[in-house]
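Data block below; observations after.
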Amino acid sequence: MSGADDLDPALAFTVAAVWRRERISCPHPDWIASWMNDGLDGGAQDFVRFHLEESQCPYCNATLSDLRAREDAAKAAPMQDLKDRLLRSTATALRNRR
Ligand SMILES: [Zn+2]
């Protein structure tokens, strides 16, 4: 996680403590998913980013890594499929040239 690294640890602690005390509600997982895909703008984007990176909400960061893992799995499957199809069509093209 970059961004939190350059933050003064004492300040980060304060921010987290304030956030916990104030009980600022967690964004809906749909928001986290949208934020992950740059689908949010303005205040919503800032709110989710702050919540995840500065407040370091353990629940929402768990949701985020879960979403990322699922996204990676979803991306990996079609890529493999595409590679297979490319290989197959290349093989077909080579065969047809004879
Ligand atoms: Zn949260």
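Scheme for the structure tokens: letters A, B, ... for chains in order shown; per-chain residue numbers from 1; ligand numbers from 1 in order shown.
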message: Any residue with an atom at most 8 Å from ligand 1 counts, using only C-alpha atoms and all ligand atoms. Which are they? Put them as an MDAnalysis selection string.
response: chainID A and resid 25:27 51:52 56:61
Take the residues just selected and output them with all heavy atoms as a PDB file, in the first residue's frame.
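Below is the file result03.pdb, written as the result:
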ATOM      1  N   SER A  25     -19.252   5.281   9.003  1.00  0.00           N
ATOM      2  CA  SER A  25     -19.719   4.001   8.488  1.00  0.00           C
ATOM      3  C   SER A  25     -18.899   3.546   7.294  1.00  0.00           C
ATOM      4  O   SER A  25     -18.336   4.341   6.550  1.00  0.00           O
ATOM      5  CB  SER A  25     -21.186   4.082   8.112  1.00  0.00           C
ATOM      6  OG  SER A  25     -21.360   5.046   7.113  1.00  0.00           O
ATOM      7  N   CYS A  26     -18.829   2.236   7.131  1.00  0.00           N
ATOM      8  CA  CYS A  26     -18.076   1.639   6.040  1.00  0.00           C
ATOM      9  C   CYS A  26     -18.824   1.837   4.730  1.00  0.00           C
ATOM     10  O   CYS A  26     -20.046   1.771   4.709  1.00  0.00           O
ATOM     11  CB  CYS A  26     -17.912   0.141   6.288  1.00  0.00           C
ATOM     12  SG  CYS A  26     -16.822  -0.201   7.658  1.00  0.00           S
ATOM     13  N   PRO A  27     -18.064   2.074   3.649  1.00  0.00           N
ATOM     14  CA  PRO A  27     -18.731   2.146   2.347  1.00  0.00           C
ATOM     15  C   PRO A  27     -19.250   0.760   1.961  1.00  0.00           C
ATOM     16  O   PRO A  27     -18.706  -0.254   2.396  1.00  0.00           O
ATOM     17  CB  PRO A  27     -17.623   2.608   1.411  1.00  0.00           C
ATOM     18  CG  PRO A  27     -16.351   2.227   2.079  1.00  0.00           C
ATOM     19  CD  PRO A  27     -16.624   2.283   3.552  1.00  0.00           C
ATOM     20  N   HIS A  51     -10.917   5.906   3.597  1.00  0.00           N
ATOM     21  CA  HIS A  51     -11.390   4.820   4.452  1.00  0.00           C
ATOM     22  C   HIS A  51     -10.445   3.620   4.388  1.00  0.00           C
ATOM     23  O   HIS A  51     -10.095   3.031   5.402  1.00  0.00           O
ATOM     24  CB  HIS A  51     -12.795   4.418   3.998  1.00  0.00           C
ATOM     25  CG  HIS A  51     -13.461   3.464   4.926  1.00  0.00           C
ATOM     26  ND1 HIS A  51     -14.098   3.868   6.072  1.00  0.00           N
ATOM     27  CD2 HIS A  51     -13.575   2.115   4.891  1.00  0.00           C
ATOM     28  CE1 HIS A  51     -14.587   2.806   6.691  1.00  0.00           C
ATOM     29  NE2 HIS A  51     -14.289   1.725   6.002  1.00  0.00           N
ATOM     30  N   LEU A  52     -10.006   3.295   3.186  1.00  0.00           N
ATOM     31  CA  LEU A  52      -9.158   2.113   3.009  1.00  0.00           C
ATOM     32  C   LEU A  52      -7.706   2.373   3.371  1.00  0.00           C
ATOM     33  O   LEU A  52      -7.075   1.560   4.039  1.00  0.00           O
ATOM     34  CB  LEU A  52      -9.224   1.634   1.561  1.00  0.00           C
ATOM     35  CG  LEU A  52     -10.557   1.009   1.134  1.00  0.00           C
ATOM     36  CD1 LEU A  52     -10.599   0.901  -0.374  1.00  0.00           C
ATOM     37  CD2 LEU A  52     -10.731  -0.355   1.756  1.00  0.00           C
ATOM     38  N   GLN A  56      -7.444   2.677   7.264  1.00  0.00           N
ATOM     39  CA  GLN A  56      -6.991   1.283   7.269  1.00  0.00           C
ATOM     40  C   GLN A  56      -8.039   0.373   7.888  1.00  0.00           C
ATOM     41  O   GLN A  56      -7.725  -0.487   8.723  1.00  0.00           O
ATOM     42  CB  GLN A  56      -5.677   1.160   8.033  1.00  0.00           C
ATOM     43  CG  GLN A  56      -4.617   2.104   7.488  1.00  0.00           C
ATOM     44  CD  GLN A  56      -3.381   1.383   7.041  1.00  0.00           C
ATOM     45  OE1 GLN A  56      -2.847   0.535   7.757  1.00  0.00           O
ATOM     46  NE2 GLN A  56      -2.925   1.670   5.857  1.00  0.00           N
ATOM     47  N   CYS A  57      -9.267   0.592   7.504  1.00  0.00           N
ATOM     48  CA  CYS A  57     -10.346  -0.230   8.041  1.00  0.00           C
ATOM     49  C   CYS A  57     -10.060  -1.696   7.718  1.00  0.00           C
ATOM     50  O   CYS A  57      -9.914  -2.070   6.557  1.00  0.00           O
ATOM     51  CB  CYS A  57     -11.670   0.185   7.403  1.00  0.00           C
ATOM     52  SG  CYS A  57     -13.023  -0.888   7.870  1.00  0.00           S
ATOM     53  N   PRO A  58      -9.934  -2.539   8.759  1.00  0.00           N
ATOM     54  CA  PRO A  58      -9.595  -3.935   8.504  1.00  0.00           C
ATOM     55  C   PRO A  58     -10.677  -4.674   7.722  1.00  0.00           C
ATOM     56  O   PRO A  58     -10.375  -5.548   6.908  1.00  0.00           O
ATOM     57  CB  PRO A  58      -9.421  -4.535   9.899  1.00  0.00           C
ATOM     58  CG  PRO A  58     -10.127  -3.600  10.830  1.00  0.00           C
ATOM     59  CD  PRO A  58     -10.088  -2.244  10.184  1.00  0.00           C
ATOM     60  N   TYR A  59     -11.937  -4.286   7.943  1.00  0.00           N
ATOM     61  CA  TYR A  59     -13.039  -4.978   7.265  1.00  0.00           C
ATOM     62  C   TYR A  59     -13.039  -4.667   5.780  1.00  0.00           C
ATOM     63  O   TYR A  59     -13.142  -5.560   4.945  1.00  0.00           O
ATOM     64  CB  TYR A  59     -14.379  -4.565   7.884  1.00  0.00           C
ATOM     65  CG  TYR A  59     -14.413  -4.788   9.372  1.00  0.00           C
ATOM     66  CD1 TYR A  59     -14.327  -3.721  10.264  1.00  0.00           C
ATOM     67  CD2 TYR A  59     -14.492  -6.083   9.883  1.00  0.00           C
ATOM     68  CE1 TYR A  59     -14.335  -3.925  11.628  1.00  0.00           C
ATOM     69  CE2 TYR A  59     -14.495  -6.299  11.249  1.00  0.00           C
ATOM     70  CZ  TYR A  59     -14.416  -5.227  12.115  1.00  0.00           C
ATOM     71  OH  TYR A  59     -14.402  -5.431  13.463  1.00  0.00           O
ATOM     72  N   CYS A  60     -12.919  -3.369   5.464  1.00  0.00           N
ATOM     73  CA  CYS A  60     -12.986  -2.965   4.062  1.00  0.00           C
ATOM     74  C   CYS A  60     -11.717  -3.367   3.314  1.00  0.00           C
ATOM     75  O   CYS A  60     -11.777  -3.683   2.135  1.00  0.00           O
ATOM     76  CB  CYS A  60     -13.242  -1.472   3.954  1.00  0.00           C
ATOM     77  SG  CYS A  60     -14.882  -1.058   4.565  1.00  0.00           S
ATOM     78  N   ASN A  61     -10.569  -3.383   3.998  1.00  0.00           N
ATOM     79  CA  ASN A  61      -9.358  -3.841   3.325  1.00  0.00           C
ATOM     80  C   ASN A  61      -9.427  -5.340   3.049  1.00  0.00           C
ATOM     81  O   ASN A  61      -8.906  -5.809   2.044  1.00  0.00           O
ATOM     82  CB  ASN A  61      -8.121  -3.492   4.145  1.00  0.00           C
ATOM     83  CG  ASN A  61      -7.647  -2.078   3.846  1.00  0.00           C
ATOM     84  OD1 ASN A  61      -7.167  -1.798   2.757  1.00  0.00           O
ATOM     85  ND2 ASN A  61      -7.807  -1.168   4.789  1.00  0.00           N
TER      86      ASN A  61
END
May I have the residues within 7 Å of Pro29 in chain A as a PDB file with all heavy atoms, in the first residue's frame, using only C-alpha atoms and disregarding those fewer than 3 positions away in the same chain?
ATOM      1  N   ILE A  32     -16.521  -0.143  -2.919  1.00  0.00           N
ATOM      2  CA  ILE A  32     -15.120  -0.578  -2.906  1.00  0.00           C
ATOM      3  C   ILE A  32     -14.762  -1.182  -4.265  1.00  0.00           C
ATOM      4  O   ILE A  32     -13.703  -0.910  -4.818  1.00  0.00           O
ATOM      5  CB  ILE A  32     -14.886  -1.568  -1.755  1.00  0.00           C
ATOM      6  CG1 ILE A  32     -15.153  -0.861  -0.416  1.00  0.00           C
ATOM      7  CG2 ILE A  32     -13.467  -2.125  -1.793  1.00  0.00           C
ATOM      8  CD1 ILE A  32     -15.148  -1.775   0.779  1.00  0.00           C
ATOM      9  N   ALA A  33     -15.672  -1.965  -4.798  1.00  0.00           N
ATOM     10  CA  ALA A  33     -15.449  -2.571  -6.115  1.00  0.00           C
ATOM     11  C   ALA A  33     -15.325  -1.492  -7.186  1.00  0.00           C
ATOM     12  O   ALA A  33     -14.441  -1.555  -8.042  1.00  0.00           O
ATOM     13  CB  ALA A  33     -16.580  -3.534  -6.456  1.00  0.00           C
ATOM     14  N   THR A  63     -12.269  -6.831   2.429  1.00  0.00           N
ATOM     15  CA  THR A  63     -13.183  -6.867   1.281  1.00  0.00           C
ATOM     16  C   THR A  63     -12.431  -6.557  -0.004  1.00  0.00           C
ATOM     17  O   THR A  63     -12.616  -7.232  -1.018  1.00  0.00           O
ATOM     18  CB  THR A  63     -14.317  -5.833   1.466  1.00  0.00           C
ATOM     19  OG1 THR A  63     -15.000  -6.126   2.690  1.00  0.00           O
ATOM     20  CG2 THR A  63     -15.299  -5.862   0.323  1.00  0.00           C
TER      21      THR A  63
END
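Excluding Met36 in chain A and any residue on its chain fewer than 3 positions from it, the residues at most 10 Å away by only C-alpha atoms are Asp30, Trp31, Ile32, Ala33, Gly39, Leu40, Gln45, Val48, Arg49, Leu64, Leu67, Arg68 and Glu71 of chain A.
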Could the residues in this selection be written to a file with N, CA and C atoms, as an mmCIF file, in the first residue's frame?
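result-v6.cif was written with the following content:
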data_model
loop_
_atom_site.group_PDB
_atom_site.id
_atom_site.type_symbol
_atom_site.label_atom_id
_atom_site.label_comp_id
_atom_site.auth_asym_id
_atom_site.auth_seq_id
_atom_site.Cartn_x
_atom_site.Cartn_y
_atom_site.Cartn_z
ATOM 1 N N ASP A 30 -19.982 -2.561 -2.882
ATOM 2 C CA ASP A 30 -20.099 -2.133 -4.280
ATOM 3 C C ASP A 30 -19.242 -0.898 -4.539
ATOM 4 N N TRP A 31 -19.186 -0.010 -3.539
ATOM 5 C CA TRP A 31 -18.363 1.195 -3.660
ATOM 6 C C TRP A 31 -16.906 0.813 -3.746
ATOM 7 N N ILE A 32 -16.521 -0.143 -2.919
ATOM 8 C CA ILE A 32 -15.120 -0.578 -2.906
ATOM 9 C C ILE A 32 -14.762 -1.182 -4.265
ATOM 10 N N ALA A 33 -15.672 -1.965 -4.798
ATOM 11 C CA ALA A 33 -15.449 -2.571 -6.115
ATOM 12 C C ALA A 33 -15.325 -1.492 -7.186
ATOM 13 N N GLY A 39 -14.096 3.580 -10.769
ATOM 14 C CA GLY A 39 -15.461 3.901 -11.165
ATOM 15 C C GLY A 39 -16.109 4.969 -10.303
ATOM 16 N N LEU A 40 -15.368 5.508 -9.347
ATOM 17 C CA LEU A 40 -15.913 6.561 -8.499
ATOM 18 C C LEU A 40 -15.238 7.880 -8.821
ATOM 19 N N GLN A 45 -14.902 8.954 -4.255
ATOM 20 C CA GLN A 45 -13.578 8.377 -4.444
ATOM 21 C C GLN A 45 -12.679 8.697 -3.253
ATOM 22 N N VAL A 48 -13.757 6.674 -0.074
ATOM 23 C CA VAL A 48 -13.363 5.263 -0.075
ATOM 24 C C VAL A 48 -11.850 5.132 0.077
ATOM 25 N N ARG A 49 -11.098 6.003 -0.635
ATOM 26 C CA ARG A 49 -9.645 5.949 -0.542
ATOM 27 C C ARG A 49 -9.199 6.235 0.895
ATOM 28 N N LEU A 64 -11.560 -5.549 0.070
ATOM 29 C CA LEU A 64 -10.789 -5.140 -1.106
ATOM 30 C C LEU A 64 -9.874 -6.262 -1.591
ATOM 31 N N LEU A 67 -11.939 -8.856 -3.239
ATOM 32 C CA LEU A 67 -12.372 -8.424 -4.563
ATOM 33 C C LEU A 67 -11.225 -8.520 -5.564
ATOM 34 N N ARG A 68 -10.020 -8.120 -5.107
ATOM 35 C CA ARG A 68 -8.853 -8.158 -6.004
ATOM 36 C C ARG A 68 -8.520 -9.588 -6.388
ATOM 37 N N GLU A 71 -11.029 -10.698 -8.857
ATOM 38 C CA GLU A 71 -10.786 -10.003 -10.123
ATOM 39 C C GLU A 71 -9.626 -10.680 -10.877
#
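You will find CA of His28 in chain A at 15.3 Å from CA of Asp41 in chain A.
You will find CA of Ser89 in chain A at 24.6 Å from CA of Ala73 in chain A.
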